[in-house]
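Source file upload-v8.txt; content: compact mmCIF, N, CA and C atoms.
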```txt
# COMPACT_ATOMS: atom_id res chain seq x y z
N LEU S 1 130.99 153.75 -128.79
CA LEU S 1 130.08 152.66 -129.09
C LEU S 1 130.29 151.51 -128.11
N LEU S 2 131.55 151.22 -127.83
CA LEU S 2 131.87 150.14 -126.89
C LEU S 2 131.33 150.44 -125.50
N ALA S 3 131.48 151.69 -125.06
CA ALA S 3 131.01 152.07 -123.73
C ALA S 3 129.49 151.97 -123.66
N GLY S 4 128.80 152.38 -124.70
CA GLY S 4 127.34 152.31 -124.70
C GLY S 4 126.81 150.90 -124.69
N ARG S 5 127.43 150.03 -125.44
CA ARG S 5 127.01 148.62 -125.46
C ARG S 5 127.20 147.96 -124.10
N VAL S 6 128.30 148.26 -123.48
CA VAL S 6 128.57 147.67 -122.17
C VAL S 6 127.58 148.21 -121.14
N LEU S 7 127.25 149.50 -121.21
CA LEU S 7 126.25 150.06 -120.29
C LEU S 7 124.90 149.39 -120.47
N GLN S 8 124.52 149.09 -121.69
CA GLN S 8 123.25 148.41 -121.93
C GLN S 8 123.27 147.01 -121.32
N GLU S 9 124.37 146.31 -121.44
CA GLU S 9 124.47 144.97 -120.89
C GLU S 9 124.50 144.98 -119.36
N GLU S 10 125.13 146.00 -118.78
CA GLU S 10 125.28 146.06 -117.34
C GLU S 10 124.12 146.75 -116.63
N ALA S 11 123.16 147.24 -117.37
CA ALA S 11 122.06 148.00 -116.76
C ALA S 11 121.29 147.17 -115.75
N ARG S 12 121.05 145.92 -116.05
CA ARG S 12 120.30 145.07 -115.11
C ARG S 12 121.11 144.76 -113.86
N ARG S 13 122.40 144.63 -114.01
CA ARG S 13 123.25 144.25 -112.90
C ARG S 13 123.56 145.44 -111.98
N ILE S 14 123.82 146.60 -112.55
CA ILE S 14 124.26 147.75 -111.77
C ILE S 14 123.11 148.72 -111.47
N GLY S 15 122.04 148.67 -112.24
CA GLY S 15 120.96 149.64 -112.12
C GLY S 15 120.31 149.70 -110.75
N ARG S 16 119.94 148.57 -110.21
CA ARG S 16 119.26 148.56 -108.91
C ARG S 16 120.15 149.05 -107.78
N PRO S 17 121.37 148.55 -107.64
CA PRO S 17 122.22 149.09 -106.57
C PRO S 17 122.52 150.58 -106.74
N LEU S 18 122.66 151.05 -107.97
CA LEU S 18 122.89 152.47 -108.20
C LEU S 18 121.65 153.28 -107.80
N GLY S 19 120.48 152.74 -108.06
CA GLY S 19 119.25 153.40 -107.63
C GLY S 19 119.14 153.49 -106.12
N VAL S 20 119.58 152.45 -105.43
CA VAL S 20 119.56 152.48 -103.96
C VAL S 20 120.53 153.52 -103.42
N VAL S 21 121.71 153.60 -104.00
CA VAL S 21 122.68 154.62 -103.57
C VAL S 21 122.11 156.02 -103.81
N CYS S 22 121.48 156.22 -104.95
CA CYS S 22 120.87 157.53 -105.24
C CYS S 22 119.75 157.84 -104.26
N ALA S 23 118.95 156.84 -103.90
CA ALA S 23 117.87 157.06 -102.93
C ALA S 23 118.42 157.40 -101.55
N VAL S 24 119.48 156.74 -101.14
CA VAL S 24 120.10 157.03 -99.84
C VAL S 24 120.69 158.44 -99.85
N ALA S 25 121.33 158.81 -100.95
CA ALA S 25 121.89 160.17 -101.05
C ALA S 25 120.77 161.21 -101.03
N SER S 26 119.66 160.93 -101.70
CA SER S 26 118.53 161.86 -101.69
C SER S 26 117.94 161.99 -100.29
N ALA S 27 117.83 160.89 -99.59
CA ALA S 27 117.30 160.93 -98.22
C ALA S 27 118.22 161.71 -97.29
N ALA S 28 119.52 161.53 -97.46
CA ALA S 28 120.47 162.28 -96.62
C ALA S 28 120.38 163.77 -96.93
N TYR S 29 120.23 164.12 -98.19
CA TYR S 29 120.09 165.53 -98.56
C TYR S 29 118.79 166.11 -97.99
N ALA S 30 117.71 165.35 -98.08
CA ALA S 30 116.42 165.82 -97.55
C ALA S 30 116.48 165.99 -96.04
N ALA S 31 117.16 165.09 -95.37
CA ALA S 31 117.31 165.23 -93.91
C ALA S 31 118.13 166.46 -93.57
N GLY S 32 119.17 166.71 -94.34
CA GLY S 32 119.98 167.91 -94.12
C GLY S 32 119.19 169.17 -94.38
N ALA S 33 118.34 169.14 -95.42
CA ALA S 33 117.51 170.32 -95.71
C ALA S 33 116.44 170.52 -94.65
N LEU S 34 115.96 169.44 -94.07
CA LEU S 34 114.92 169.54 -93.04
C LEU S 34 115.47 170.20 -91.78
N TYR S 35 116.64 169.78 -91.37
CA TYR S 35 117.20 170.32 -90.14
C TYR S 35 117.98 171.60 -90.37
N GLY S 36 118.41 171.85 -91.60
CA GLY S 36 119.13 173.08 -91.91
C GLY S 36 120.39 173.22 -91.09
N ALA S 37 120.61 174.41 -90.58
CA ALA S 37 121.80 174.68 -89.78
C ALA S 37 121.65 174.18 -88.36
N ALA S 38 120.41 173.96 -87.92
CA ALA S 38 120.18 173.49 -86.56
C ALA S 38 120.64 172.04 -86.44
N THR S 39 121.36 171.78 -85.40
CA THR S 39 121.84 170.43 -85.16
C THR S 39 120.80 169.66 -84.36
N PRO S 40 120.22 168.63 -84.93
CA PRO S 40 119.22 167.87 -84.19
C PRO S 40 119.89 167.02 -83.11
N ASP S 41 119.13 166.65 -82.15
CA ASP S 41 119.65 165.82 -81.07
C ASP S 41 119.56 164.36 -81.49
N LEU S 42 120.53 163.93 -82.26
CA LEU S 42 120.58 162.56 -82.73
C LEU S 42 121.53 161.76 -81.85
N GLY S 43 121.10 160.60 -81.50
CA GLY S 43 121.94 159.76 -80.66
C GLY S 43 122.95 158.98 -81.46
N PRO S 44 123.78 158.24 -80.77
CA PRO S 44 124.80 157.45 -81.48
C PRO S 44 124.20 156.32 -82.31
N LEU S 45 123.04 155.82 -81.91
CA LEU S 45 122.42 154.75 -82.69
C LEU S 45 121.88 155.27 -84.01
N THR S 46 121.42 156.52 -84.03
CA THR S 46 120.96 157.11 -85.29
C THR S 46 122.13 157.28 -86.25
N ALA S 47 123.24 157.74 -85.74
CA ALA S 47 124.43 157.88 -86.59
C ALA S 47 124.92 156.53 -87.07
N LEU S 48 124.92 155.55 -86.19
CA LEU S 48 125.34 154.20 -86.57
C LEU S 48 124.41 153.61 -87.62
N GLY S 49 123.11 153.81 -87.44
CA GLY S 49 122.15 153.30 -88.42
C GLY S 49 122.31 153.97 -89.77
N SER S 50 122.53 155.28 -89.76
CA SER S 50 122.73 156.00 -91.01
C SER S 50 123.98 155.53 -91.74
N LEU S 51 125.06 155.36 -90.98
CA LEU S 51 126.30 154.86 -91.58
C LEU S 51 126.13 153.44 -92.11
N LEU S 52 125.38 152.63 -91.39
CA LEU S 52 125.16 151.25 -91.82
C LEU S 52 124.37 151.20 -93.12
N VAL S 53 123.31 152.00 -93.21
CA VAL S 53 122.50 152.02 -94.43
C VAL S 53 123.32 152.52 -95.62
N ALA S 54 124.02 153.64 -95.42
CA ALA S 54 124.84 154.19 -96.50
C ALA S 54 125.96 153.23 -96.88
N GLY S 55 126.60 152.64 -95.90
CA GLY S 55 127.69 151.70 -96.17
C GLY S 55 127.23 150.47 -96.93
N CYS S 56 126.08 149.93 -96.53
CA CYS S 56 125.55 148.76 -97.22
C CYS S 56 125.16 149.08 -98.66
N ALA S 57 124.59 150.27 -98.87
CA ALA S 57 124.22 150.66 -100.24
C ALA S 57 125.45 150.79 -101.12
N VAL S 58 126.49 151.42 -100.61
CA VAL S 58 127.73 151.58 -101.38
C VAL S 58 128.42 150.23 -101.59
N ALA S 59 128.42 149.38 -100.58
CA ALA S 59 129.03 148.06 -100.71
C ALA S 59 128.30 147.20 -101.74
N THR S 60 126.98 147.31 -101.78
CA THR S 60 126.22 146.57 -102.77
C THR S 60 126.55 147.05 -104.18
N LEU S 61 126.67 148.37 -104.35
CA LEU S 61 127.04 148.91 -105.65
C LEU S 61 128.44 148.46 -106.05
N ALA S 62 129.37 148.47 -105.10
CA ALA S 62 130.74 148.02 -105.39
C ALA S 62 130.77 146.54 -105.78
N THR S 63 129.99 145.74 -105.09
CA THR S 63 129.92 144.31 -105.41
C THR S 63 129.36 144.10 -106.81
N ALA S 64 128.31 144.84 -107.16
CA ALA S 64 127.74 144.73 -108.50
C ALA S 64 128.73 145.17 -109.56
N ALA S 65 129.52 146.21 -109.27
CA ALA S 65 130.53 146.67 -110.23
C ALA S 65 131.62 145.62 -110.43
N VAL S 66 132.03 144.95 -109.36
CA VAL S 66 133.04 143.89 -109.49
C VAL S 66 132.48 142.72 -110.28
N GLU S 67 131.22 142.35 -110.02
CA GLU S 67 130.60 141.27 -110.78
C GLU S 67 130.51 141.62 -112.26
N ALA S 68 130.18 142.87 -112.56
CA ALA S 68 130.10 143.30 -113.96
C ALA S 68 131.48 143.24 -114.61
N ARG S 69 132.49 143.62 -113.85
CA ARG S 69 133.85 143.56 -114.40
C ARG S 69 134.26 142.12 -114.66
N GLN S 70 133.90 141.21 -113.77
CA GLN S 70 134.22 139.80 -113.98
C GLN S 70 133.48 139.24 -115.19
N ALA S 71 132.25 139.71 -115.40
CA ALA S 71 131.48 139.23 -116.55
C ALA S 71 132.08 139.74 -117.87
N ARG S 72 132.73 140.89 -117.83
CA ARG S 72 133.36 141.46 -119.04
C ARG S 72 134.76 140.93 -119.29
N ARG S 73 135.29 140.15 -118.40
CA ARG S 73 136.68 139.72 -118.50
C ARG S 73 136.99 139.03 -119.83
N HIS S 74 136.10 138.16 -120.29
CA HIS S 74 136.36 137.43 -121.54
C HIS S 74 136.35 138.38 -122.74
N THR S 75 135.47 139.35 -122.72
CA THR S 75 135.42 140.33 -123.81
C THR S 75 136.68 141.18 -123.84
N VAL S 76 137.12 141.61 -122.67
CA VAL S 76 138.34 142.43 -122.60
C VAL S 76 139.55 141.63 -123.06
N THR S 77 139.62 140.39 -122.65
CA THR S 77 140.73 139.52 -123.08
C THR S 77 140.72 139.35 -124.60
N ALA S 78 139.55 139.13 -125.18
CA ALA S 78 139.45 138.97 -126.62
C ALA S 78 139.85 140.25 -127.35
N LEU S 79 139.42 141.39 -126.83
CA LEU S 79 139.79 142.66 -127.47
C LEU S 79 141.30 142.90 -127.40
N LEU S 80 141.90 142.57 -126.28
CA LEU S 80 143.35 142.74 -126.15
C LEU S 80 144.10 141.80 -127.10
N ARG S 81 143.58 140.58 -127.26
CA ARG S 81 144.21 139.63 -128.18
C ARG S 81 144.11 140.10 -129.62
N LEU S 82 143.02 140.81 -129.95
CA LEU S 82 142.85 141.32 -131.31
C LEU S 82 143.67 142.57 -131.58
N GLY S 83 144.29 143.11 -130.53
CA GLY S 83 145.17 144.24 -130.72
C GLY S 83 144.60 145.58 -130.30
N ALA S 84 143.51 145.56 -129.58
CA ALA S 84 142.94 146.83 -129.10
C ALA S 84 143.87 147.41 -128.04
N PRO S 85 144.16 148.69 -128.11
CA PRO S 85 145.04 149.28 -127.10
C PRO S 85 144.36 149.33 -125.73
N ALA S 86 145.14 149.13 -124.71
CA ALA S 86 144.61 149.14 -123.35
C ALA S 86 144.08 150.52 -122.99
N THR S 87 144.64 151.56 -123.59
CA THR S 87 144.14 152.91 -123.31
C THR S 87 142.72 153.10 -123.82
N MET S 88 142.37 152.41 -124.91
CA MET S 88 141.01 152.49 -125.41
C MET S 88 140.04 151.86 -124.43
N LEU S 89 140.42 150.74 -123.84
CA LEU S 89 139.56 150.07 -122.87
C LEU S 89 139.41 150.91 -121.61
N ARG S 90 140.49 151.53 -121.17
CA ARG S 90 140.40 152.43 -120.01
C ARG S 90 139.55 153.65 -120.33
N GLY S 91 139.68 154.15 -121.54
CA GLY S 91 138.87 155.29 -121.97
C GLY S 91 137.39 154.94 -122.02
N ALA S 92 137.07 153.73 -122.47
CA ALA S 92 135.67 153.29 -122.49
C ALA S 92 135.12 153.17 -121.08
N ALA S 93 135.94 152.67 -120.15
CA ALA S 93 135.50 152.57 -118.75
C ALA S 93 135.30 153.96 -118.15
N ALA S 94 136.19 154.88 -118.46
CA ALA S 94 136.03 156.25 -117.96
C ALA S 94 134.80 156.92 -118.57
N LEU S 95 134.52 156.64 -119.81
CA LEU S 95 133.32 157.19 -120.46
C LEU S 95 132.06 156.64 -119.82
N ARG S 96 132.04 155.36 -119.50
CA ARG S 96 130.88 154.77 -118.81
C ARG S 96 130.67 155.41 -117.46
N ALA S 97 131.75 155.56 -116.69
CA ALA S 97 131.64 156.17 -115.37
C ALA S 97 131.19 157.63 -115.49
N GLY S 98 131.72 158.35 -116.44
CA GLY S 98 131.33 159.73 -116.64
C GLY S 98 129.87 159.86 -117.05
N ALA S 99 129.41 158.96 -117.91
CA ALA S 99 128.01 158.99 -118.33
C ALA S 99 127.08 158.72 -117.15
N LEU S 100 127.44 157.76 -116.31
CA LEU S 100 126.62 157.47 -115.13
C LEU S 100 126.58 158.66 -114.17
N LEU S 101 127.73 159.28 -113.95
CA LEU S 101 127.76 160.46 -113.07
C LEU S 101 126.99 161.63 -113.67
N ALA S 102 127.12 161.81 -114.98
CA ALA S 102 126.43 162.93 -115.63
C ALA S 102 124.92 162.76 -115.61
N VAL S 103 124.44 161.54 -115.64
CA VAL S 103 123.00 161.30 -115.62
C VAL S 103 122.46 161.22 -114.20
N PHE S 104 123.10 160.41 -113.36
CA PHE S 104 122.55 160.16 -112.04
C PHE S 104 122.88 161.22 -111.01
N GLY S 105 123.93 161.99 -111.21
CA GLY S 105 124.24 163.07 -110.27
C GLY S 105 123.15 164.13 -110.24
N PRO S 106 122.85 164.75 -111.39
CA PRO S 106 121.77 165.75 -111.39
C PRO S 106 120.40 165.15 -111.06
N LEU S 107 120.16 163.93 -111.51
CA LEU S 107 118.87 163.29 -111.21
C LEU S 107 118.69 163.09 -109.71
N THR S 108 119.74 162.66 -109.05
CA THR S 108 119.69 162.49 -107.59
C THR S 108 119.46 163.83 -106.91
N TRP S 109 120.13 164.87 -107.38
CA TRP S 109 119.96 166.18 -106.78
C TRP S 109 118.53 166.70 -106.96
N VAL S 110 117.95 166.52 -108.15
CA VAL S 110 116.57 166.97 -108.40
C VAL S 110 115.59 166.21 -107.52
N VAL S 111 115.75 164.91 -107.43
CA VAL S 111 114.85 164.12 -106.57
C VAL S 111 115.00 164.53 -105.11
N ALA S 112 116.22 164.80 -104.68
CA ALA S 112 116.45 165.24 -103.30
C ALA S 112 115.79 166.58 -103.04
N GLU S 113 115.92 167.52 -103.98
CA GLU S 113 115.28 168.83 -103.83
C GLU S 113 113.76 168.69 -103.76
N LEU S 114 113.21 167.88 -104.66
CA LEU S 114 111.76 167.72 -104.68
C LEU S 114 111.23 166.99 -103.45
N SER S 115 111.99 166.05 -102.94
CA SER S 115 111.53 165.35 -101.74
C SER S 115 111.69 166.19 -100.49
N ALA S 116 112.56 167.18 -100.52
CA ALA S 116 112.76 168.03 -99.35
C ALA S 116 111.74 169.16 -99.27
N VAL S 117 111.09 169.49 -100.39
CA VAL S 117 110.14 170.61 -100.40
C VAL S 117 108.99 170.40 -99.42
N PRO S 118 108.31 169.26 -99.39
CA PRO S 118 107.21 169.11 -98.42
C PRO S 118 107.70 169.09 -96.98
N LEU S 119 108.92 168.72 -96.74
CA LEU S 119 109.44 168.68 -95.37
C LEU S 119 109.76 170.07 -94.84
N ILE S 120 110.20 170.95 -95.73
CA ILE S 120 110.61 172.29 -95.30
C ILE S 120 109.40 173.20 -95.10
N ARG S 121 108.44 173.12 -96.01
CA ARG S 121 107.25 173.99 -95.91
C ARG S 121 106.25 173.33 -94.98
N ARG S 122 105.91 174.06 -93.95
CA ARG S 122 104.98 173.48 -92.98
C ARG S 122 103.65 174.16 -93.03
```
Reformat the file's structure so that it appears as structure tokens.
Amino acid sequence: LLAGRVLQEEARRIGRPLGVVCAVASAAYAAGALYGAATPDLGPLTALGSLLVAGCAVATLATAAVEARQARRHTVTALLRLGAPATMLRGAAALRAGALLAVFGPLTWVVAELSAVPLIRR
């Protein structure tokens, strides 16, 4: 229950950066499916640009996660003062992370597969 409530509160803060990371991962998968085993002639600027986009997306998600953690600090402190075990709080955080991976991992893969279909069939 605690993990679900926190996910609802953090949806606005973490949702958009997580969507961007999923979109970047889908685009990378589609590009890989387009070129297949053939190595395209990509220059160093293409690799640098790809790394920059992916890095910025992941950094934005990490920043949003830190902001969400800072926003929860007072709640965590209050729960610890009331006697909640720290293992319960860690378990709730692990449950939130697992729920996000369980939902967005397959969703990202499906979107990547569907976006790669028009690129592969000519």
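Picture a line from CA of Ala25 (chain S) to CA of Thr108 (chain S); it runs 7.3 Å.
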Any idea what's packed within 7 Å of Ala112 (chain S), counting only N, CA and C atoms, ignoring anything in its chain fewer than 4 positions away? Could you give it as a VMD selection string?
chain S and resid 25 to 27 29 to 30 107 to 108 116 to 117
With N, CA and C atoms retained, could you export that selection as a compact mmCIF listing (two decimals), in the frame of the given file?
```txt
# COMPACT_ATOMS: atom_id res chain seq x y z
N ALA S 25 121.33 158.81 -100.95
CA ALA S 25 121.89 160.17 -101.05
C ALA S 25 120.77 161.21 -101.03
N SER S 26 119.66 160.93 -101.70
CA SER S 26 118.53 161.86 -101.69
C SER S 26 117.94 161.99 -100.29
N ALA S 27 117.83 160.89 -99.59
CA ALA S 27 117.30 160.93 -98.22
C ALA S 27 118.22 161.71 -97.29
N TYR S 29 120.23 164.12 -98.19
CA TYR S 29 120.09 165.53 -98.56
C TYR S 29 118.79 166.11 -97.99
N ALA S 30 117.71 165.35 -98.08
CA ALA S 30 116.42 165.82 -97.55
C ALA S 30 116.48 165.99 -96.04
N LEU S 107 120.16 163.93 -111.51
CA LEU S 107 118.87 163.29 -111.21
C LEU S 107 118.69 163.09 -109.71
N THR S 108 119.74 162.66 -109.05
CA THR S 108 119.69 162.49 -107.59
C THR S 108 119.46 163.83 -106.91
N ALA S 116 112.56 167.18 -100.52
CA ALA S 116 112.76 168.03 -99.35
C ALA S 116 111.74 169.16 -99.27
N VAL S 117 111.09 169.49 -100.39
CA VAL S 117 110.14 170.61 -100.40
C VAL S 117 108.99 170.40 -99.42
```
May I ask for the distance between atom N of Arg96 (chain S) and atom C of Gln8 (chain S), given in Å to one decimal place?
12.2 Å
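Of note, CA of Ala97 (chain S) and CA of His74 (chain S) are spaced 20.3 Å apart.
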Pick the closest to Pro17 (chain S) from S:Leu61, S:Leu48, S:Leu101, S:Ala92: which is it, counting all atoms listed in the file?
S:Leu61
Quick one: everything within 8 Å of Ala68 (chain S), counting only N, CA and C atoms, minus sequence neighbours fewer than 6 positions away in the same chain. Send it as a list in words.
Glu9, Glu10, Arg13, Ile14 and Ala62 of chain S
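Closest to Gly19 (chain S) among S:Val76, S:Leu52, S:Ala84, S:Val103 is S:Val103, based on only C-alpha atoms.
Using only N, CA and C atoms, the shortest contact distance between Val21 (chain S) and any of S:Ala54, S:Tyr35, S:Gly43, S:Gly98 is found at S:Ala54.
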For region 71-84 of chain S, take all atoms listed in the file, fit an axis-aligned box around them, add 8 Å to each of the six sides, then output centre and edge lengths in Å rounded to one decimal, as AutoDock Vina command-line options.
```
--center_x 138.3 --center_y 142.4 --center_z -123.5 --size_x 29.7 --size_y 26.0 --size_z 32.2
```
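Nearest-residue note for Gly55 (chain S): choosing from S:Ala94, S:Leu89, S:Val24, S:Leu100, the minimum distance belongs to S:Val24, counting only C-alpha atoms.
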